[in-house]
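K.L.:
One structure coming up, written as structure tokens, with questions to follow.
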Amino acid sequence: MSLSVVCLATAAQAQQTTTDGSTAQDAAPSTQSQSQAAERQPVPLVPDEPTWTGFHGQLNAQKYSPLDQITTENVGRLEKAWEVFTGDVSDGTGDLPGTVWSATPIYANGMLYIGTPFYRVLALDPATGEEVWSFDSQSTLEALTQPALKNRGVSYWEAENPVDGEACQKIIYLGTMDAQLFAMDADTGALCESFGDGGALDVNQWNDTNDRWPLSLLQPPTIVGDHVVIGWAGMDWEWSEAPPGTVFSVDPQTGELQWTVDLLPEEVRLRTGTANVWTAMSADEELGLVYLPVSSPSPNYWGGNRVEEIPLATSTTAVDVETGEVVWSYQYVKHDVWDYDTNSAPTLMDITVDGEEIPALLQASKMGLLWALNRETGEPIWPVEELEVPTDTDIEGEVLPATQPVPTRPEPVVDLRNRPDVWWIADLVSLGNCSRIFDNARYDGIYTPMTTEGTGTLVYPATFGGQQWGGIGYDPENQVAIVNSSRAVQMLKMYPREEYERIAGSSGNETGFYPQHNAPYGFELYIPLNWLGMPCWEPPYGDIRAIDMTTGETLWSRPMGASQKYGFYMPEFMGSPTIGGPAVTAGGLIFIGASMDAKVRAYSVETGEELWEDTVMAPAVSNPAVYEHEGRQYVAFTAGGNSIIKDQVGDHLAVYALPEE
């Protein structure tokens, strides 16, 4: 197997060949970029003071707090300090679509801010939960691009030199599914009249190619200095031609467009689409780089309309925050026809490898692979091998690559070649139906081609990923990464267009029938369960692990959470699929919800031992927030649920602290 180093791209994409024969595209930075870099002031990667002002806590996406009031010794005494039920919840059985609430609260300006799936903002007293102000966007509550109403929270900006007496020197931003970005004064909740049109920016004004649906703003924008960097989500699996992936940067006080990054080559945009950034981003302010996790092109499961190279798709792409110029890009999947979106912000970290200090990032992936790159250059820190993958397919027009890159360290969180075995208990209860599903499916590893035959392709990890958008936590003091994963199986069968139109039924949240209009194939996606709802594959179904980033070695791994159905909890050694990420503290603790059983937990960073748990209203499929207010440390969990793992929704914000003396 050959070493694969794919370090790409400036906007000019001047191509050269590296010494090992792989392709690299480099160009000298512009004079403007050099000048801006010279003027940049040093900014520590890890803030000097505790901060939780963004979706991942900090721009580095470490989800780390230096607070140590809560420790491994006293976390067992943690109690609920306060809770809020927002009322913004729907199970989908009434007039409104169901809700998926995945918002991380942010602590800023002496308040706790959170967005809801009804597109409201609540500003709360961090010590009591009492409402200080609220804002209602009056947005349409329709599932325009998603199977549910979704919100992952809000963003915060403040002026470097606030002007006394002027409004909107500190701003909260809320996006909506119909592509409106609202800006409101962080003190009062009043709209910032100078932003966009009276306080709302219509991002859909830039939706000018394959305008099939609005550019939904479900993930809060990433704030880097005086740049509001906006990605967007769309309607998966519906169209062959879709809006092409573009990232926008706007002025924080006016909404004026500063720059854009077009992630698809111009020559393919009309006949494909997406390769968008629908999840959070991270940034290194000292380097002046924003890191974009880029998704796959459309349609996701057929690539006959886009057989040429699309170098920025399914990648991490680093852009200059001042200009939007692409500095480097690393592509994880060639010709992605598996929907292996780069689905979380890369976690930035400084690590020591073989005595060398390296500015690094760690990128989780749907494939269960973990990619460690130099965040200045995009070069892999440990060798990357080219894995031989099958290319034979019965899918018309498909041309598959013969190899795919696979990192040698850290180790994958799933077996890349072998699927889980059939779980004999589930198979026995199903009278052998689980075995029949598996035996009639195609599986040749993570890059198995799609097929129209048998029960289709066995997809492992499932479409929602080995890792999900919650991303990776990191302890910078000990150089330890914390990763939670799912081990779920799905079946995906392709149908030629005429047959698909004859048999297609409905769809749900990553399950059912999907048309891929204008492609020659639609498909059906389902989780293989027996009639009792038991998974057909062997446990564990999810885990959590610690990785030593000086060596890439796993320090410990354990099943996480409990799978739950019909009110029954399975043993915890079987684990649970997980959605949502961990927070890490200087107290030696990992805080996480994420599991099917609607529990929130604390683990030891050092050993992985579970030290505390509590039950909340629904699965806490959001990243927790850790903050200090008036000398007291708090941990906040949003319990909103996600039907991908369980039909249970909530509107519960639960905040914990040690008992007051």
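Please note that chains go A, B, ... in the order of the structure tokens, that every chain numbers its residues from 1, and that ligands are numbered from 1 in the order shown.
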In stretch 252-307 of chain A, what's strand (DSSP E) per DSSP? Answer as a list of chain:residue names?
P.N.:
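Everything in stretch 252-307 of chain A that counts as strand (DSSP E) is A:Leu257, A:Gln258, A:Trp259, A:Thr260, A:Val261, A:Asp262, A:Ser282, A:Ala283, A:Asp284, A:Leu289, A:Val290, A:Tyr291, A:Leu292, A:Pro293, A:Val294.
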K.L.:
With a distance cut-off of 10 Å and only C-alpha atoms, select the neighbouring residues of A:Pro265, excluding the residue or stretch itself and same-chain residues fewer than 4 positions from it, and output the selection as a list in words.
P.N.:
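Using only C-alpha atoms, the neighbours found are Pro244, Gly245, Arg269, Glu309, Ile310, Pro311, Leu312 and Ala313 of chain A.
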K.L.:
What does the structure give for the distance between atom CA of A:Tyr330 and atom CA of A:Thr403, in Å to one decimal?
P.N.:
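Rounded to one decimal, the two atoms are 15.9 Å apart.
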K.L.:
Considering only C-alpha atoms, tabulate each residue of stretch 172-240 of chain A that lies at most 9 Å from stretch 45-66 of chain A along with its nearest interatomic pair and the corresponding distance in Å to one decimal; arrange the rows by chain and ascending residue number and present them as CSV.
P.N.:
residue,atom,partner,partner_atom,distance
A:Gln219,CA,A:Phe55,CA,8.7
A:Pro220,CA,A:Phe55,CA,7.4
A:Thr222,CA,A:Gly54,CA,7.7
A:Ile223,CA,A:Leu59,CA,8.1
A:Val224,CA,A:Leu59,CA,7.8
K.L.:
Stretch 150-163 of chain A: which residues within 6 Å, counting only C-alpha atoms, same-chain residues fewer than 6 positions away excluded, as an MDAnalysis selection string?
P.N.:
chainID A and resid 100:104 114:117 169:174 218:220
K.L.:
Counting only C-alpha atoms, what is within 9 Å of stretch 396-400 of chain A, bar same-chain residues fewer than 5 positions away, as a PyMOL selection string?
P.N.:
chain A and resi 302-305+307+334-337+389-391+449+520-521
K.L.:
Filtering to C-alpha atoms, could you give me those residues as a compact mmCIF listing (two decimals), in the first residue's frame?
P.N.:
# COMPACT_ATOMS: atom_id res chain seq x y z
CA TRP A 302 -24.92 7.73 -7.37
CA GLY A 303 -22.00 9.54 -8.98
CA GLY A 304 -22.50 9.01 -12.69
CA ASN A 305 -23.15 12.74 -13.14
CA VAL A 307 -17.15 11.19 -12.39
CA LYS A 334 -12.37 9.94 -3.48
CA HIS A 335 -15.56 10.11 -5.57
CA ASP A 336 -17.79 9.92 -2.51
CA VAL A 337 -20.92 7.90 -3.36
CA VAL A 389 -11.41 -1.26 -2.41
CA PRO A 390 -13.88 -3.02 -4.75
CA THR A 391 -14.79 -1.34 -8.02
CA PRO A 449 -20.42 -0.40 -3.87
CA PRO A 520 -31.32 6.77 -12.76
CA TYR A 521 -31.78 5.32 -9.25
K.L.:
I need the alpha helix (DSSP H) residues of stretch 437-529 of chain A per DSSP on the backbone, written as a list of chain:residue names.
P.N.:
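The residues of stretch 437-529 of chain A classed as alpha helix (DSSP H) are A:Ile437, A:Phe438, A:Asp439, A:Arg497, A:Glu498, A:Glu499, A:Tyr500, A:Glu501, A:Arg502, A:Ile503.
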K.L.:
Those same residues - C-alpha atoms - I'd like them written as a PDB file, in the first residue's frame.
P.N.:
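And here's result14.pdb as it stands now:
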ATOM      1  CA  ILE A 437     -31.066 -10.104   5.533  1.00  0.00           C
ATOM      2  CA  PHE A 438     -27.319 -10.216   6.176  1.00  0.00           C
ATOM      3  CA  ASP A 439     -26.609 -13.228   3.960  1.00  0.00           C
ATOM      4  CA  ARG A 497     -35.981   4.681 -11.704  1.00  0.00           C
ATOM      5  CA  GLU A 498     -38.995   2.936 -13.183  1.00  0.00           C
ATOM      6  CA  GLU A 499     -39.066   0.292 -10.443  1.00  0.00           C
ATOM      7  CA  TYR A 500     -38.489   2.904  -7.747  1.00  0.00           C
ATOM      8  CA  GLU A 501     -41.451   4.986  -8.901  1.00  0.00           C
ATOM      9  CA  ARG A 502     -43.628   1.875  -8.753  1.00  0.00           C
ATOM     10  CA  ILE A 503     -42.713   0.723  -5.225  1.00  0.00           C
TER      11      ILE A 503
END
K.L.:
If we count only C-alpha atoms, what is near A:Ile644 at a cut-off of 9 Å, once residues fewer than 5 positions away on the same chain are taken out, given as a PyMOL selection string?
P.N.:
chain A and resi 464+508-511+579
K.L.:
Nearest to A:Glu131: which of A:Leu144, A:Ala233, A:Val84, A:Ala345 is it, counting only C-alpha atoms?
P.N.:
A:Val84
K.L.:
One decimal, in Å: what's the spacing between atom CA of A:Cys536 and atom CA of A:Ile446?
P.N.:
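Result for atom CA of A:Cys536 versus atom CA of A:Ile446: 18.5 Å, one decimal.
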K.L.:
Choose the residue, out of A:Gly575, A:Pro619, A:Pro624, A:Gly368, that has the smallest atom-to-atom separation from A:Gly473; count only C-alpha atoms.
P.N.:
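Counting only C-alpha atoms, the residue closest to A:Gly473 is A:Pro624.
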K.L.:
With only C-alpha atoms as the basis for distance, which of A:Thr254, A:Thr145, A:Ile547, A:Trp237 is at the shortest distance from A:Asp197?
P.N.:
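Of the candidates, the smallest distance to A:Asp197 is held by A:Thr254.
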K.L.:
Taking only C-alpha atoms into account, name the residue in A:Asn374, A:Asn623, A:Thr314, A:Ser557 that is nearest to A:Gln331.
P.N.:
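Ranked by minimum distance to A:Gln331, first place goes to A:Thr314.
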K.L.:
Find the residue from A:Phe573, A:Tyr495, A:Trp338, A:Tyr541 that sits nearest to A:Thr463; use only C-alpha atoms when measuring.
P.N.:
A:Trp338
K.L.:
Which value, in Å to one decimal, gives the distance between atom CA of A:Arg120 and atom CA of A:Val229?
P.N.:
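Computed distance, atom CA of A:Arg120 to atom CA of A:Val229, equals 20.8 Å.
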